[in-house]
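Chemist: As input, take run.tsv (TSV, C-alpha atoms and all ligand atoms):
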```
chain	number	residue	atom	x	y	z
A	1	MET	CA	101.15	70.90	109.80
A	2	ASP	CA	101.74	74.06	111.81
A	3	ASN	CA	98.67	76.25	111.29
A	4	ILE	CA	98.75	79.80	112.58
A	5	ILE	CA	95.03	80.16	111.85
A	6	GLU	CA	92.26	77.59	112.01
A	7	VAL	CA	88.69	78.45	111.10
A	8	LYS	CA	86.40	75.60	112.07
A	9	ASN	CA	82.85	75.43	110.82
A	10	VAL	CA	82.22	79.14	111.37
A	11	THR	CA	78.78	80.62	110.83
A	12	TYR	CA	78.14	84.32	111.38
A	13	ARG	CA	74.90	86.29	111.32
A	14	TYR	CA	74.92	90.08	111.48
A	15	GLU	CA	71.59	89.95	113.25
A	16	GLU	CA	71.49	87.07	115.67
A	17	ASP	CA	67.69	86.97	115.88
A	18	SER	CA	67.03	87.30	112.17
A	19	LYS	CA	65.55	84.20	110.65
A	20	ILE	CA	65.16	85.97	107.32
A	21	GLN	CA	68.68	87.19	106.77
A	22	GLU	CA	71.04	84.61	105.36
A	23	ALA	CA	74.18	83.94	107.34
A	24	ALA	CA	77.08	86.13	106.11
A	25	LEU	CA	79.34	83.15	106.82
A	26	ASP	CA	77.88	79.69	106.56
A	27	GLY	CA	79.95	76.80	107.89
A	28	VAL	CA	83.34	78.08	106.77
A	29	SER	CA	86.42	75.99	107.53
A	30	LEU	CA	89.94	76.80	106.44
A	31	GLU	CA	93.52	76.68	107.63
A	32	VAL	CA	96.47	78.96	107.16
A	33	GLU	CA	99.90	77.47	107.52
A	34	ARG	CA	102.43	79.46	109.52
A	35	GLY	CA	104.68	81.50	107.22
A	36	SER	CA	102.53	81.02	104.13
A	37	PHE	CA	101.01	83.52	101.70
A	38	VAL	CA	97.31	82.84	101.27
A	39	ALA	CA	94.85	84.54	98.94
A	40	VAL	CA	91.09	84.76	99.45
A	41	ILE	CA	88.98	85.52	96.40
A	42	GLY	CA	85.23	85.88	95.91
A	43	HIS	CA	82.75	88.34	94.41
A	44	ASN	CA	81.29	91.27	96.35
A	45	GLY	CA	79.19	90.19	99.29
A	46	SER	CA	80.60	86.66	99.37
A	47	GLY	CA	81.76	87.09	102.97
A	48	LYS	CA	85.46	87.91	102.62
A	49	SER	CA	85.50	90.93	104.92
A	50	THR	CA	83.29	89.19	107.45
A	51	LEU	CA	85.76	86.33	107.45
A	52	ALA	CA	88.73	88.71	107.75
A	53	LYS	CA	87.22	90.34	110.84
A	54	HIS	CA	87.00	86.93	112.49
A	55	LEU	CA	90.74	86.47	112.14
A	56	ASN	CA	91.64	89.13	114.66
A	57	ALA	CA	88.63	88.86	116.96
A	58	LEU	CA	86.86	91.96	115.64
A	59	PHE	CA	83.95	89.55	115.14
A	60	LEU	CA	83.28	86.36	117.09
A	61	PRO	CA	81.60	83.41	115.37
A	62	SER	CA	77.88	82.82	115.99
A	63	GLU	CA	78.79	79.15	115.66
A	64	GLY	CA	82.11	77.41	115.29
A	65	THR	CA	85.58	78.45	116.38
A	66	VAL	CA	88.52	80.52	115.19
A	67	ILE	CA	91.96	79.73	116.56
A	68	VAL	CA	94.72	82.31	116.10
A	69	ASP	CA	98.22	81.18	117.00
A	70	GLY	CA	96.77	78.61	119.38
A	71	ILE	CA	94.23	80.92	121.03
A	72	ASP	CA	90.45	80.64	120.64
A	73	THR	CA	89.10	84.10	119.72
A	74	HIS	CA	86.24	83.50	122.17
A	75	ASN	CA	88.80	83.92	124.95
A	76	GLU	CA	87.97	87.48	126.01
A	77	GLU	CA	91.13	87.94	128.05
A	78	ALA	CA	93.28	87.30	125.01
A	79	VAL	CA	91.59	89.76	122.65
A	80	TRP	CA	94.46	92.26	122.60
A	81	GLN	CA	97.02	89.55	122.24
A	82	ILE	CA	95.10	88.19	119.26
A	83	ARG	CA	94.84	91.65	117.67
A	84	ARG	CA	98.58	92.12	118.04
A	85	THR	CA	99.25	88.71	116.56
A	86	ALA	CA	96.99	89.28	113.58
A	87	GLY	CA	97.18	92.81	112.16
A	88	MET	CA	94.76	94.09	109.59
A	89	VAL	CA	94.97	96.59	106.73
A	90	PHE	CA	91.77	97.80	105.08
A	91	GLN	CA	90.71	99.03	101.67
A	92	ASN	CA	90.54	102.77	102.20
A	93	PRO	CA	93.87	104.25	103.31
A	94	ASP	CA	92.25	107.58	104.20
A	95	ASN	CA	90.16	105.93	106.90
A	96	GLN	CA	93.27	104.51	108.52
A	97	MET	CA	95.31	107.69	108.88
A	98	VAL	CA	95.16	108.95	112.44
A	99	ALA	CA	97.97	111.52	112.68
A	100	THR	CA	99.13	114.53	110.68
A	101	VAL	CA	102.75	113.36	110.40
A	102	VAL	CA	103.72	110.00	108.89
A	103	GLU	CA	105.98	108.83	111.72
A	104	GLU	CA	103.38	109.73	114.32
A	105	ASP	CA	100.82	107.75	112.39
A	106	VAL	CA	103.06	104.70	112.40
A	107	ALA	CA	103.77	105.16	116.13
A	108	PHE	CA	100.09	105.45	117.10
A	109	GLY	CA	99.42	101.81	117.95
A	110	LEU	CA	102.66	101.48	119.89
A	111	GLU	CA	101.88	104.56	121.98
A	112	ASN	CA	98.46	103.12	122.75
A	113	ILE	CA	99.92	99.99	124.23
A	114	GLY	CA	102.52	101.92	126.22
A	115	VAL	CA	105.72	100.92	124.45
A	116	PRO	CA	108.67	103.03	125.76
A	117	SER	CA	109.77	105.93	123.50
A	118	PRO	CA	113.22	104.63	122.41
A	119	GLU	CA	111.63	101.33	121.40
A	120	ILE	CA	108.89	103.21	119.50
A	121	ARG	CA	111.58	105.22	117.63
A	122	LYS	CA	113.37	102.02	116.67
A	123	ARG	CA	110.28	100.16	115.53
A	124	VAL	CA	108.88	103.11	113.57
A	125	ASP	CA	112.18	103.60	111.74
A	126	GLU	CA	112.42	99.89	110.95
A	127	ALA	CA	108.82	99.68	109.75
A	128	LEU	CA	109.20	102.73	107.48
A	129	GLU	CA	112.43	101.30	106.09
A	130	THR	CA	110.77	97.95	105.37
A	131	VAL	CA	107.92	99.52	103.41
A	132	GLY	CA	110.32	101.91	101.63
A	133	MET	CA	108.87	105.11	103.11
A	134	THR	CA	111.76	106.38	105.27
A	135	LYS	CA	112.10	109.64	103.40
A	136	TYR	CA	108.49	110.54	104.11
A	137	ALA	CA	108.78	110.12	107.90
A	138	LYS	CA	108.21	113.84	108.56
A	139	SER	CA	105.67	114.40	105.78
A	140	SER	CA	101.94	114.80	106.08
A	141	PRO	CA	100.19	111.56	105.06
A	142	TYR	CA	97.52	113.59	103.28
A	143	HIS	CA	99.89	114.58	100.50
A	144	LEU	CA	100.90	111.03	99.67
A	145	SER	CA	99.52	108.86	96.87
A	146	GLY	CA	97.05	106.08	97.68
A	147	GLY	CA	99.76	103.45	97.40
A	148	GLN	CA	102.10	105.40	99.68
A	149	LYS	CA	99.30	105.84	102.24
A	150	GLN	CA	98.67	102.11	102.19
A	151	ARG	CA	102.37	101.50	102.81
A	152	ILE	CA	102.13	103.80	105.84
A	153	SER	CA	99.13	101.77	107.08
A	154	ILE	CA	101.18	98.62	106.62
A	155	ALA	CA	104.10	100.20	108.54
A	156	GLY	CA	101.73	100.98	111.42
A	157	VAL	CA	100.63	97.35	111.58
A	158	LEU	CA	104.20	96.11	111.11
A	159	ALA	CA	105.45	98.19	114.05
A	160	MET	CA	103.20	96.09	116.30
A	161	GLN	CA	105.28	93.04	115.30
A	162	PRO	CA	102.39	90.85	114.12
A	163	LYS	CA	102.79	87.24	113.08
A	164	VAL	CA	99.97	87.52	110.54
A	165	ILE	CA	98.79	90.44	108.42
A	166	ILE	CA	95.39	90.36	106.77
A	167	PHE	CA	95.03	92.62	103.76
A	168	ASP	CA	91.37	93.27	102.98
A	169	GLU	CA	91.32	94.49	99.36
A	170	VAL	CA	94.09	96.97	100.13
A	171	THR	CA	94.87	97.49	96.45
A	172	ALA	CA	91.27	98.06	95.31
A	173	MET	CA	91.55	101.84	95.27
A	174	LEU	CA	95.07	102.02	93.83
A	175	ASP	CA	96.43	102.50	90.33
A	176	PRO	CA	98.50	99.66	88.80
A	177	VAL	CA	101.81	101.11	90.02
A	178	GLY	CA	100.48	101.50	93.55
A	179	ARG	CA	99.08	97.96	93.42
A	180	THR	CA	102.37	96.43	92.35
A	181	GLY	CA	104.20	98.30	95.11
A	182	ILE	CA	101.85	96.95	97.77
A	183	ILE	CA	101.99	93.37	96.53
A	184	GLU	CA	105.79	93.50	96.36
A	185	THR	CA	105.80	94.82	99.93
A	186	ALA	CA	103.49	92.02	101.06
A	187	LYS	CA	105.72	89.41	99.44
A	188	LYS	CA	108.78	90.94	101.09
A	189	LEU	CA	107.14	90.80	104.55
A	190	ASN	CA	106.35	87.16	103.88
A	191	LYS	CA	109.71	86.07	102.49
A	192	GLU	CA	112.10	88.20	104.53
A	193	LEU	CA	110.30	88.58	107.85
A	194	GLY	CA	108.38	85.31	107.78
A	195	ILE	CA	105.06	87.07	108.40
A	196	THR	CA	102.04	85.04	107.34
A	197	ILE	CA	100.03	87.00	104.77
A	198	ILE	CA	96.34	86.66	103.98
A	199	ASN	CA	95.54	88.72	100.92
A	200	ILE	CA	91.87	89.23	100.14
A	201	THR	CA	91.66	90.47	96.60
A	202	HIS	CA	89.69	90.98	93.43
A	203	TYR	CA	92.78	90.89	91.26
A	204	MET	CA	93.61	87.34	90.25
A	205	GLU	CA	97.11	88.36	89.20
A	206	GLU	CA	97.83	89.07	92.89
A	207	SER	CA	97.16	85.44	93.77
A	208	ILE	CA	99.47	83.82	91.21
A	209	ASP	CA	102.32	83.35	93.70
A	210	ALA	CA	100.11	82.41	96.67
A	211	ASP	CA	100.78	79.13	98.48
A	212	MET	CA	97.04	78.53	98.70
A	213	ILE	CA	93.90	80.23	97.40
A	214	TYR	CA	90.51	80.03	99.09
A	215	VAL	CA	87.36	80.83	97.09
A	216	MET	CA	84.34	82.34	98.85
A	217	ASN	CA	80.82	82.32	97.47
A	218	ASP	CA	77.58	83.18	99.29
A	219	GLY	CA	79.22	82.93	102.70
A	220	LYS	CA	80.75	79.54	101.99
A	221	CYS	CA	84.27	78.51	101.20
A	222	VAL	CA	83.52	76.62	97.99
A	223	ALA	CA	87.00	75.68	96.75
A	224	HIS	CA	90.66	75.92	97.55
A	225	GLY	CA	93.86	74.96	95.86
A	226	LYS	CA	97.25	76.05	94.63
A	227	PRO	CA	97.06	78.72	91.90
A	228	ARG	CA	98.20	76.51	89.03
A	229	GLU	CA	95.52	73.92	89.73
A	230	LEU	CA	92.72	76.20	90.89
A	231	PHE	CA	92.92	78.63	87.97
A	232	GLN	CA	92.47	75.80	85.52
A	233	ARG	CA	88.85	75.64	86.68
A	234	VAL	CA	87.98	78.53	84.36
A	235	GLU	CA	84.30	77.69	83.90
A	236	PHE	CA	83.73	77.07	87.61
A	237	LEU	CA	85.32	80.40	88.57
A	238	THR	CA	83.49	82.28	85.81
A	239	GLU	CA	80.18	80.95	87.10
A	240	LEU	CA	81.05	82.40	90.51
A	241	GLY	CA	81.54	85.82	88.91
A	242	LEU	CA	85.31	85.59	89.10
A	243	THR	CA	88.02	85.72	86.48
A	244	VAL	CA	91.34	83.93	86.10
A	245	PRO	CA	94.74	85.50	85.35
A	246	ILE	CA	94.79	86.93	81.83
A	247	ALA	CA	97.43	84.47	80.60
A	248	THR	CA	95.39	81.53	81.91
A	249	GLN	CA	92.28	82.87	80.20
A	250	LEU	CA	94.11	83.26	76.89
A	251	ALA	CA	95.60	79.77	77.09
A	252	TYR	CA	92.14	78.39	77.86
A	253	SER	CA	90.55	80.22	74.90
A	254	LEU	CA	93.33	79.18	72.52
A	255	ASN	CA	92.99	75.61	73.70
A	256	LYS	CA	89.25	75.70	73.09
A	257	ALA	CA	89.91	77.02	69.59
A	258	GLY	CA	92.04	73.97	68.90
A	259	VAL	CA	95.51	75.36	69.58
A	260	ASP	CA	97.71	72.78	71.26
A	261	ILE	CA	98.83	74.78	74.27
A	262	PRO	CA	98.93	73.83	77.97
A	263	CYS	CA	96.11	75.30	80.07
A	264	ASN	CA	98.03	75.55	83.33
A	265	LEU	CA	99.82	78.78	82.47
A	266	LEU	CA	99.75	81.68	84.90
A	267	THR	CA	101.92	84.48	83.54
A	268	ILE	CA	102.37	86.31	80.27
A	269	ASP	CA	105.98	85.07	80.14
A	270	GLU	CA	104.84	81.46	80.40
A	271	LEU	CA	102.25	82.06	77.69
A	272	ALA	CA	104.78	83.72	75.38
A	273	GLU	CA	107.14	80.80	75.83
A	274	ALA	CA	104.40	78.26	75.08
A	275	LEU	CA	103.39	80.20	71.96
A	276	CYS	CA	107.00	80.33	70.74
A	277	ARG	CA	107.27	76.58	71.14
A	278	LEU	CA	104.22	76.03	68.92
A	279	LYS	CA	105.34	76.50	65.29
B	301	LIG	P1	82.74	90.84	100.85
B	301	LIG	O1	83.81	91.39	101.72
B	301	LIG	O2	83.11	89.54	100.21
B	301	LIG	O3	82.26	91.81	99.84
B	301	LIG	P2	81.08	90.98	103.24
B	301	LIG	O4	81.74	90.11	104.26
B	301	LIG	O5	81.28	92.44	103.36
B	301	LIG	O6	81.48	90.47	101.77
B	301	LIG	O7	79.53	90.69	103.26
B	301	LIG	C1	78.97	89.39	103.36
B	301	LIG	C2	77.47	89.50	103.55
B	301	LIG	O8	77.16	90.13	104.77
B	301	LIG	C3	76.77	90.31	102.48
B	301	LIG	O9	75.55	89.71	102.18
B	301	LIG	C4	76.59	91.65	103.12
B	301	LIG	O10	75.45	92.30	102.59
B	301	LIG	C5	76.37	91.27	104.57
B	301	LIG	N1	76.86	92.35	105.48
B	301	LIG	C6	78.07	92.91	105.47
B	301	LIG	N2	78.20	93.84	106.42
B	301	LIG	C7	76.99	93.88	107.06
B	301	LIG	C8	76.47	94.63	108.16
B	301	LIG	N3	77.21	95.54	108.79
B	301	LIG	N4	75.18	94.39	108.52
B	301	LIG	C9	74.43	93.46	107.90
B	301	LIG	N5	74.85	92.71	106.86
B	301	LIG	C10	76.12	92.91	106.44
B	302	MG	MG	84.92	93.18	101.56
```
For this file, write the structure as structure tokens.
Modeler:
Amino acid sequence: MDNIIEVKNVTYRYEEDSKIQEAALDGVSLEVERGSFVAVIGHNGSGKSTLAKHLNALFLPSEGTVIVDGIDTHNEEAVWQIRRTAGMVFQNPDNQMVATVVEEDVAFGLENIGVPSPEIRKRVDEALETVGMTKYAKSSPYHLSGGQKQRISIAGVLAMQPKVIIFDEVTAMLDPVGRTGIIETAKKLNKELGITIINITHYMEESIDADMIYVMNDGKCVAHGKPRELFQRVEFLTELGLTVPIATQLAYSLNKAGVDIPCNLLTIDELAEALCRLK
């Protein structure tokens, strides 16, 4: 298998000397296949963001190794290469805006690494087009909605031509319309540009189409699987403080109440179809 990311037995402590503090990551291992769409779920404080920051060398493991596109993140000389390979978008779009005009914001990273102006122009235009924000190129980012700001953040990362983009709860502060727009954009980057996506999220519905889901709990990766199999473990996930997609939950409850309906449903459409077939 061609893995673009390999996390091997990674432990991370925020305070190296602290014997009291529990490790924020505790022996985490996982793999991300090149070109795949992976979701990471887990309740608050389970270690998702700490893990995310290991994937582009913002953090280095206290123990264990992280390999990004063949490079060990401990390799200090390759730090910038790793950060270009694996781009990151965070939760709060306001903290990511650096310029007063949208196109300048998208160009910021490229200017920092000394890309020539005509190439910057081209990449900024392409990135804005991809995220559907071309008409806002000359606008001020501060007047945009949360979802639009997040798309500008994504364009800024995209302009750097990453192979992987890590989304750390990027939809958490958005309304449902904004959320859908971002997830559709992420899927498009994955399908059309072949960019590997790692989506860290609280919203189970966002993981339905993922190729693989990893579940974090107390700094450990406690389960993984494809959505249709993993979400059948309703009781296990509930115990971890997580939910399952609403259709899966309903099918599970109906099943428990004696209704003869499959439990491996993920969407409302699938549930409706199964209910129609009942009679
Ligand atoms: P998540 O993103 O899943 O909410 P985090 O990775 O942010 O989880 O946090 C994992 C653990 O590390 C938590 O126990 C949290 O309190 C701790 N932690 C996070 N950031 C820091 C920090 N800057 N200093 C010390 N502990 C931290
Ligand atoms: Mg977090």
Chemist: Using only C-alpha atoms - which residues lie no farther than 10 Å from the point (101.3, 105.9, 114.9) in the file's frame? Write them as a list in words.
Modeler: Met97, Val98, Ala99, Thr100, Val101, Val102, Glu103, Glu104, Asp105, Val106, Ala107, Phe108, Gly109, Leu110, Glu111, Asn112, Ile120, Val124, Ile152, Ser153, Ala155, Gly156, Val157 and Ala159 of chain A
Chemist: Would you pick out the contacts of A:Leu189 at 9 Å or less, using only C-alpha atoms, so that residues sharing its chain but fewer than 6 positions from it are not included, and give the list as a PDB file with C-alpha atoms, in the frame of the given file?
Modeler:
```pdb
ATOM      1  CA  THR A 130     110.770  97.950 105.370  1.00  0.00           C
ATOM      2  CA  VAL A 131     107.920  99.520 103.410  1.00  0.00           C
ATOM      3  CA  LEU A 158     104.200  96.110 111.110  1.00  0.00           C
ATOM      4  CA  ILE A 195     105.060  87.070 108.400  1.00  0.00           C
ATOM      5  CA  THR A 196     102.040  85.040 107.340  1.00  0.00           C
ATOM      6  CA  ILE A 197     100.030  87.000 104.770  1.00  0.00           C
TER       7      ILE A 197
END
```
Chemist: Got a sec to check which residues lie within 6 Å of ligand LIG 301 (chain B), using only C-alpha atoms and all ligand atoms, and send them as a list in words?
Modeler: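 After applying the 6 Å limit, what remains is Tyr14, Ala24, His43, Asn44, Gly45, Ser46, Gly47, Lys48, Ser49 and Thr50 of chain A.
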Chemist: Skipping near chain neighbours, those fewer than 4 positions away, what residues fall within 10 Å of A:Leu240 using only C-alpha atoms, listed as a PyMOL selection string?
Modeler: chain A and resi 42-43+46+215-218+222+235-236
Chemist: At what distance in Å, to one decimal, does atom CA of A:Tyr12 lie from atom CA of A:Glu63?
Modeler: 6.7 Å
Chemist: With stretch 80-95 of chain A as the partner and 10 Å as the cut-off, tabulate the residues of stretch 107-145 of chain A that qualify, each row holding the nearest pair of atoms and their distance in Å to one decimal, using all atoms listed in the file, sorted by chain and rising number, as a Markdown table.
Modeler:
```
| residue | atom | partner | partner_atom | distance |
| --- | --- | --- | --- | --- |
| A:Gly109 | CA | A:Arg84 | CA | 9.7 |
| A:Ile113 | CA | A:Trp80 | CA | 9.6 |
| A:Pro141 | CA | A:Asp94 | CA | 8.9 |
| A:Tyr142 | CA | A:Asp94 | CA | 8.0 |
| A:Ser145 | CA | A:Pro93 | CA | 9.7 |
```
Chemist: For the residues selected in the previous step, produce a file with C-alpha atoms as a PDB file, in the coordinates of the input.
Modeler:
```pdb
ATOM      1  CA  GLY A 109      99.420 101.810 117.950  1.00  0.00           C
ATOM      2  CA  ILE A 113      99.920  99.990 124.230  1.00  0.00           C
ATOM      3  CA  PRO A 141     100.190 111.560 105.060  1.00  0.00           C
ATOM      4  CA  TYR A 142      97.520 113.590 103.280  1.00  0.00           C
ATOM      5  CA  SER A 145      99.520 108.860  96.870  1.00  0.00           C
TER       6      SER A 145
END
```
Chemist: Would you compute the distance between atom CA of A:Glu16 and atom CA of A:Ser62? Give it in Å to one decimal.
Modeler: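 Spanning atom CA of A:Glu16 to atom CA of A:Ser62 is a straight-line distance of 7.7 Å.
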Chemist: Just want the 10 Å neighbourhood of A:Arg228, counted on only C-alpha atoms, with same-chain residues fewer than 6 positions away dropped. Output as a CSV table (one decimal) with C-alpha atoms, in the coordinates of the input.
Modeler:
```
chain,number,residue,atom,x,y,z
A,208,ILE,CA,99.5,83.8,91.2
A,209,ASP,CA,102.3,83.4,93.7
A,210,ALA,CA,100.1,82.4,96.7
A,212,MET,CA,97.0,78.5,98.7
A,248,THR,CA,95.4,81.5,81.9
A,263,CYS,CA,96.1,75.3,80.1
A,264,ASN,CA,98.0,75.6,83.3
A,265,LEU,CA,99.8,78.8,82.5
A,266,LEU,CA,99.8,81.7,84.9
```
Chemist: Between A:Ile213, A:Ile4, A:Ile71, A:Leu25, which has the minimum distance to A:Val38 (counting only C-alpha atoms)?
Modeler: A:Ile213
Chemist: When distances are computed from only C-alpha atoms and all ligand atoms, which of A:Ile183, A:Ala127, A:Ile41, A:Val259 shows the smallest separation from ligand MG 302 (chain B)?
Modeler: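 For ligand MG 302 (chain B), the nearest of the given residues is A:Ile41.
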Chemist: Taking every listed atom of stretch 76-88 of chain A and adding 4 Å to each side, what centre and edge lengths in Å (one decimal) does the axis-aligned box have, as lines of an AutoDock Vina configuration file?
Modeler:
```
center_x = 93.6
center_y = 90.7
center_z = 118.8
size_x = 19.3
size_y = 14.8
size_z = 26.5
```
Chemist: Calculated over all atoms listed in the file, which of the candidates A:Ile246, A:Ser253, A:Leu55, A:Ile166 has the smallest distance to A:His74?
Modeler: A:Leu55
Chemist: My list of candidates is A:Lys53, A:Arg233, A:Arg151, A:Lys8. Which is closest to ligand MG 302 (chain B) when distances are computed with all atoms listed in the file?
Modeler: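 Using all atoms listed in the file, the shortest distance to ligand MG 302 (chain B) belongs to A:Lys53.
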Chemist: What is the atom CA of A:Ala247 to atom CA of A:Tyr203 distance in Å?
Modeler: 13.3 Å
Chemist: Starting from the structure just given, write a file holding stretch 231-244 of chain A with N, CA, C and O atoms, as a PDB file, in the first residue's frame.
Modeler:
```pdb
ATOM      1  N   PHE A 231     -19.586   2.620  12.138  1.00  0.00           N
ATOM      2  CA  PHE A 231     -20.758   3.265  12.736  1.00  0.00           C
ATOM      3  C   PHE A 231     -21.813   2.261  13.239  1.00  0.00           C
ATOM      4  O   PHE A 231     -22.781   2.646  13.882  1.00  0.00           O
ATOM      5  N   GLN A 232     -21.583   0.992  12.932  1.00  0.00           N
ATOM      6  CA  GLN A 232     -22.487   0.004  13.518  1.00  0.00           C
ATOM      7  C   GLN A 232     -22.179  -0.239  14.985  1.00  0.00           C
ATOM      8  O   GLN A 232     -22.972  -0.819  15.714  1.00  0.00           O
ATOM      9  N   ARG A 233     -20.998   0.222  15.412  1.00  0.00           N
ATOM     10  CA  ARG A 233     -20.612   0.032  16.824  1.00  0.00           C
ATOM     11  C   ARG A 233     -21.187   1.175  17.665  1.00  0.00           C
ATOM     12  O   ARG A 233     -20.469   1.938  18.313  1.00  0.00           O
ATOM     13  N   VAL A 234     -22.504   1.281  17.659  1.00  0.00           N
ATOM     14  CA  VAL A 234     -23.203   2.408  18.280  1.00  0.00           C
ATOM     15  C   VAL A 234     -22.882   2.525  19.773  1.00  0.00           C
ATOM     16  O   VAL A 234     -22.553   3.607  20.268  1.00  0.00           O
ATOM     17  N   GLU A 235     -22.951   1.385  20.477  1.00  0.00           N
ATOM     18  CA  GLU A 235     -22.742   1.448  21.930  1.00  0.00           C
ATOM     19  C   GLU A 235     -21.301   1.830  22.272  1.00  0.00           C
ATOM     20  O   GLU A 235     -21.051   2.650  23.159  1.00  0.00           O
ATOM     21  N   PHE A 236     -20.363   1.246  21.534  1.00  0.00           N
ATOM     22  CA  PHE A 236     -18.944   1.555  21.733  1.00  0.00           C
ATOM     23  C   PHE A 236     -18.692   3.052  21.531  1.00  0.00           C
ATOM     24  O   PHE A 236     -18.065   3.705  22.374  1.00  0.00           O
ATOM     25  N   LEU A 237     -19.209   3.607  20.449  1.00  0.00           N
ATOM     26  CA  LEU A 237     -18.971   5.027  20.151  1.00  0.00           C
ATOM     27  C   LEU A 237     -19.670   5.922  21.164  1.00  0.00           C
ATOM     28  O   LEU A 237     -19.139   6.957  21.570  1.00  0.00           O
ATOM     29  N   THR A 238     -20.864   5.517  21.590  1.00  0.00           N
ATOM     30  CA  THR A 238     -21.602   6.308  22.579  1.00  0.00           C
ATOM     31  C   THR A 238     -20.833   6.365  23.899  1.00  0.00           C
ATOM     32  O   THR A 238     -20.742   7.418  24.538  1.00  0.00           O
ATOM     33  N   GLU A 239     -20.251   5.246  24.268  1.00  0.00           N
ATOM     34  CA  GLU A 239     -19.450   5.218  25.503  1.00  0.00           C
ATOM     35  C   GLU A 239     -18.255   6.167  25.428  1.00  0.00           C
ATOM     36  O   GLU A 239     -17.785   6.669  26.449  1.00  0.00           O
ATOM     37  N   LEU A 240     -17.761   6.396  24.222  1.00  0.00           N
ATOM     38  CA  LEU A 240     -16.620   7.309  24.057  1.00  0.00           C
ATOM     39  C   LEU A 240     -17.071   8.765  23.945  1.00  0.00           C
ATOM     40  O   LEU A 240     -16.276   9.647  23.669  1.00  0.00           O
ATOM     41  N   GLY A 241     -18.370   8.996  24.146  1.00  0.00           N
ATOM     42  CA  GLY A 241     -18.889  10.363  24.066  1.00  0.00           C
ATOM     43  C   GLY A 241     -19.121  10.818  22.644  1.00  0.00           C
ATOM     44  O   GLY A 241     -19.191  12.017  22.369  1.00  0.00           O
ATOM     45  N   LEU A 242     -19.222   9.861  21.727  1.00  0.00           N
ATOM     46  CA  LEU A 242     -19.437  10.218  20.326  1.00  0.00           C
ATOM     47  C   LEU A 242     -20.848   9.815  19.887  1.00  0.00           C
ATOM     48  O   LEU A 242     -21.547   9.110  20.612  1.00  0.00           O
ATOM     49  N   THR A 243     -21.227  10.275  18.722  1.00  0.00           N
ATOM     50  CA  THR A 243     -22.522   9.871  18.187  1.00  0.00           C
ATOM     51  C   THR A 243     -22.262   9.091  16.895  1.00  0.00           C
ATOM     52  O   THR A 243     -21.112   8.882  16.508  1.00  0.00           O
ATOM     53  N   VAL A 244     -23.333   8.670  16.254  1.00  0.00           N
ATOM     54  CA  VAL A 244     -23.227   8.076  14.922  1.00  0.00           C
ATOM     55  C   VAL A 244     -24.130   8.901  14.016  1.00  0.00           C
ATOM     56  O   VAL A 244     -24.921   9.702  14.518  1.00  0.00           O
TER      57      VAL A 244
END
```
